[in-house]
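Asks: Sharing a structure below in C-alpha cells format, with a few things to ask.
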Amino acid sequence: TDITAGTINGESAIVKTFWQNYYKAISRANTILINLAENKANLPQAVVDKYSAEARFVRAANYAGLITHYGDVVYFTEILDLDQAFSMAKTPKNEILNSIYDDYDFAYNNLPESYGSSGFTRATKGAAMALKARIALYMGDWVIARDAAKAVIDLGLYTLHQDFAELFLSSTKNSSESIF
C-alpha cells in the first residue's frame with residue numbers, strides 16, 4: 001500500500017477518503033444544527049440542546065482530525081453550495097482549534113454522563129472532554145489538556161482496568177476504562 005511503501009501523498013486514496021469523510025460529517029452536523037435552530041420552537045429545549053451537543057461533538061471531532069492531519073483547512077459552520085465551497089480559503093488551524101474547544105465545551109455541558117446499559121455508543125460528557133484533551137495535547141495546549149483530562153477524572157465514571165493483559169480480549173470490550 002501507499003503507507004507501507006512510504007509513497008503516500010495527497011493523491012493517495014486513503015488521504016482523499018479521510019478528507020471526504022471528515023467534510024461529509026461536518027456538513028451533516030452543520031445541517032442538523034441549522035435545522036434545529038430553525039425548528040426549535042417545535043421541540044422541547046432539552047431535545048434541542050442534546051441533539052445540538054451531539055452534532056457539535058461530531059463537528060469538533062472531525063475538525064480535530066482535519067487539523068491534526070492537514071493543518072490549516074477550510075472551516076465553515078453553515079450549509080454550503082458547490083460555488084461557495086470552491087471559493088472558500090483555508091482558515092488557520094489555531095482559529096479552528098478555538099471553535100473545536102467551544103464545541104466540545106458545549107457538548108460537555110449538554111450531554112449525559114452515560115446512557116446506562118442501553119448499548120448505545122453515543123457521545124457523553126466524558127467523551128467530549130477526553131477528545132478535547134487529546135486535541136489539546138496534539139496542539140501543545142498543555143493547560144487545556146490538563147483541565148479537560150481532570151474533568152474526565154472528576155466524573156468518577158472511568159477507572160483503569162485491573163489486568164492489562166485482559167484488556168484487549170473480547171470479554172473486556174467495554175471495560176471500565178472505555179470512554180467512547
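In the C-alpha cells, the first chain shown is A, the next is B, and so on; residue numbers restart at 1 for each chain, and ligands run from 1 in the order shown.
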Please identify all polymer residues within 7 Å of Lys93 (chain A), counting only C-alpha atoms, omitting same-chain residues fewer than 6 positions from it, and present them as a list in words.
Replies: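 Non-adjacent residues within range: Ile67, Gly71, Asp72 and Val73 of chain A.
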Asks: Using DSSP on the backbone coordinates, identify the residues of chain A assigned to helix (DSSP H, G or I); present them as a count of residues only.
Replies: 119
Asks: Excluding Leu33 (chain A) and its own-chain neighbours fewer than 4 positions away, which residues fall within 10 Å of it when counting only C-alpha atoms? Please give them as a ChimeraX atom specification.
Replies: /A:27-29,37-39,48-49,51-56,77-79
Asks: In Å, with one decimal, what is the gap from CA of Ala128 (chain A) to CA of Gln162 (chain A)?
Replies: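 Value for the CA of Ala128 (chain A)-CA of Gln162 (chain A) distance: 24.6 Å.
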Asks: Residues within 12 Å of Ala85 (chain A), please, as a PDB file with N, CA and C atoms, in the first residue's frame. Count only C-alpha atoms; anything in the same chain fewer than 3 positions from it doesn't count.
Replies:
ATOM      1  N   TYR A  23     -15.307  15.955   5.927  1.00  0.00           N
ATOM      2  CA  TYR A  23     -16.184  17.039   5.493  1.00  0.00           C
ATOM      3  C   TYR A  23     -17.632  16.604   5.337  1.00  0.00           C
ATOM      4  N   SER A  27     -20.479  18.594   7.367  1.00  0.00           N
ATOM      5  CA  SER A  27     -21.647  19.132   6.656  1.00  0.00           C
ATOM      6  C   SER A  27     -22.945  18.618   7.259  1.00  0.00           C
ATOM      7  N   VAL A  74     -10.238  24.382   5.326  1.00  0.00           N
ATOM      8  CA  VAL A  74     -11.438  25.196   5.144  1.00  0.00           C
ATOM      9  C   VAL A  74     -12.363  24.957   6.334  1.00  0.00           C
ATOM     10  N   TYR A  75     -12.812  26.042   6.967  1.00  0.00           N
ATOM     11  CA  TYR A  75     -13.703  25.962   8.123  1.00  0.00           C
ATOM     12  C   TYR A  75     -15.012  26.651   7.787  1.00  0.00           C
ATOM     13  N   PHE A  76     -16.127  25.967   8.071  1.00  0.00           N
ATOM     14  CA  PHE A  76     -17.442  26.556   7.853  1.00  0.00           C
ATOM     15  C   PHE A  76     -18.425  25.964   8.853  1.00  0.00           C
ATOM     16  N   THR A  77     -19.464  26.744   9.168  1.00  0.00           N
ATOM     17  CA  THR A  77     -20.500  26.287  10.093  1.00  0.00           C
ATOM     18  C   THR A  77     -21.889  26.426   9.487  1.00  0.00           C
ATOM     19  N   GLU A  78     -21.940  26.646   8.194  1.00  0.00           N
ATOM     20  CA  GLU A  78     -23.229  26.783   7.521  1.00  0.00           C
ATOM     21  C   GLU A  78     -23.353  25.708   6.439  1.00  0.00           C
ATOM     22  N   ILE A  79     -24.498  25.672   5.790  1.00  0.00           N
ATOM     23  CA  ILE A  79     -24.696  24.753   4.671  1.00  0.00           C
ATOM     24  C   ILE A  79     -24.193  25.461   3.422  1.00  0.00           C
ATOM     25  N   LEU A  80     -23.271  24.829   2.714  1.00  0.00           N
ATOM     26  CA  LEU A  80     -22.655  25.444   1.541  1.00  0.00           C
ATOM     27  C   LEU A  80     -23.169  24.810   0.260  1.00  0.00           C
ATOM     28  N   ASP A  81     -23.261  25.639  -0.802  1.00  0.00           N
ATOM     29  CA  ASP A  81     -23.470  25.056  -2.123  1.00  0.00           C
ATOM     30  C   ASP A  81     -22.090  24.904  -2.768  1.00  0.00           C
ATOM     31  N   LEU A  82     -22.028  24.263  -3.915  1.00  0.00           N
ATOM     32  CA  LEU A  82     -20.731  23.976  -4.534  1.00  0.00           C
ATOM     33  C   LEU A  82     -19.931  25.231  -4.845  1.00  0.00           C
ATOM     34  N   MET A  88     -13.961  29.118  -0.997  1.00  0.00           N
ATOM     35  CA  MET A  88     -13.505  29.371   0.369  1.00  0.00           C
ATOM     36  C   MET A  88     -12.005  29.149   0.507  1.00  0.00           C
ATOM     37  N   ALA A  89     -11.409  29.948   1.361  1.00  0.00           N
ATOM     38  CA  ALA A  89      -9.980  29.838   1.641  1.00  0.00           C
ATOM     39  C   ALA A  89      -9.777  29.058   2.944  1.00  0.00           C
ATOM     40  N   LYS A  90      -8.560  28.612   3.155  1.00  0.00           N
ATOM     41  CA  LYS A  90      -8.238  27.912   4.396  1.00  0.00           C
ATOM     42  C   LYS A  90      -8.296  28.869   5.580  1.00  0.00           C
TER      43      LYS A  90
END
Asks: Quick one: residues within 8 Å of Ala60 (chain A), only C-alpha atoms, excluding same-chain residues fewer than 5 positions away - as a ChimeraX atom specification?
Replies: /A:99-101,103-104
Asks: Using only C-alpha atoms, which of A:Ala149, A:Ile32, A:Tyr115, A:Asn109 sits nearest Arg134 (chain A)?
Replies: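 So, comparing all the options, the nearest one is A:Ala149.
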Asks: Which of these residues is nearest to Leu137 (chain A), using only C-alpha atoms: A:Thr159, A:Asp83, A:Thr68, A:Leu111?
Replies: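 Under the stated criterion, the closest residue is A:Thr68.
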Asks: Point out the residue among A:Ala107, A:Ile34, A:Ile179, A:Ile3 with the least atom-to-atom distance to Lys50 (chain A), counting only C-alpha atoms.
Replies: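 Nearest candidate to Lys50 (chain A) out of A:Ala107, A:Ile34, A:Ile179, A:Ile3: A:Ala107.
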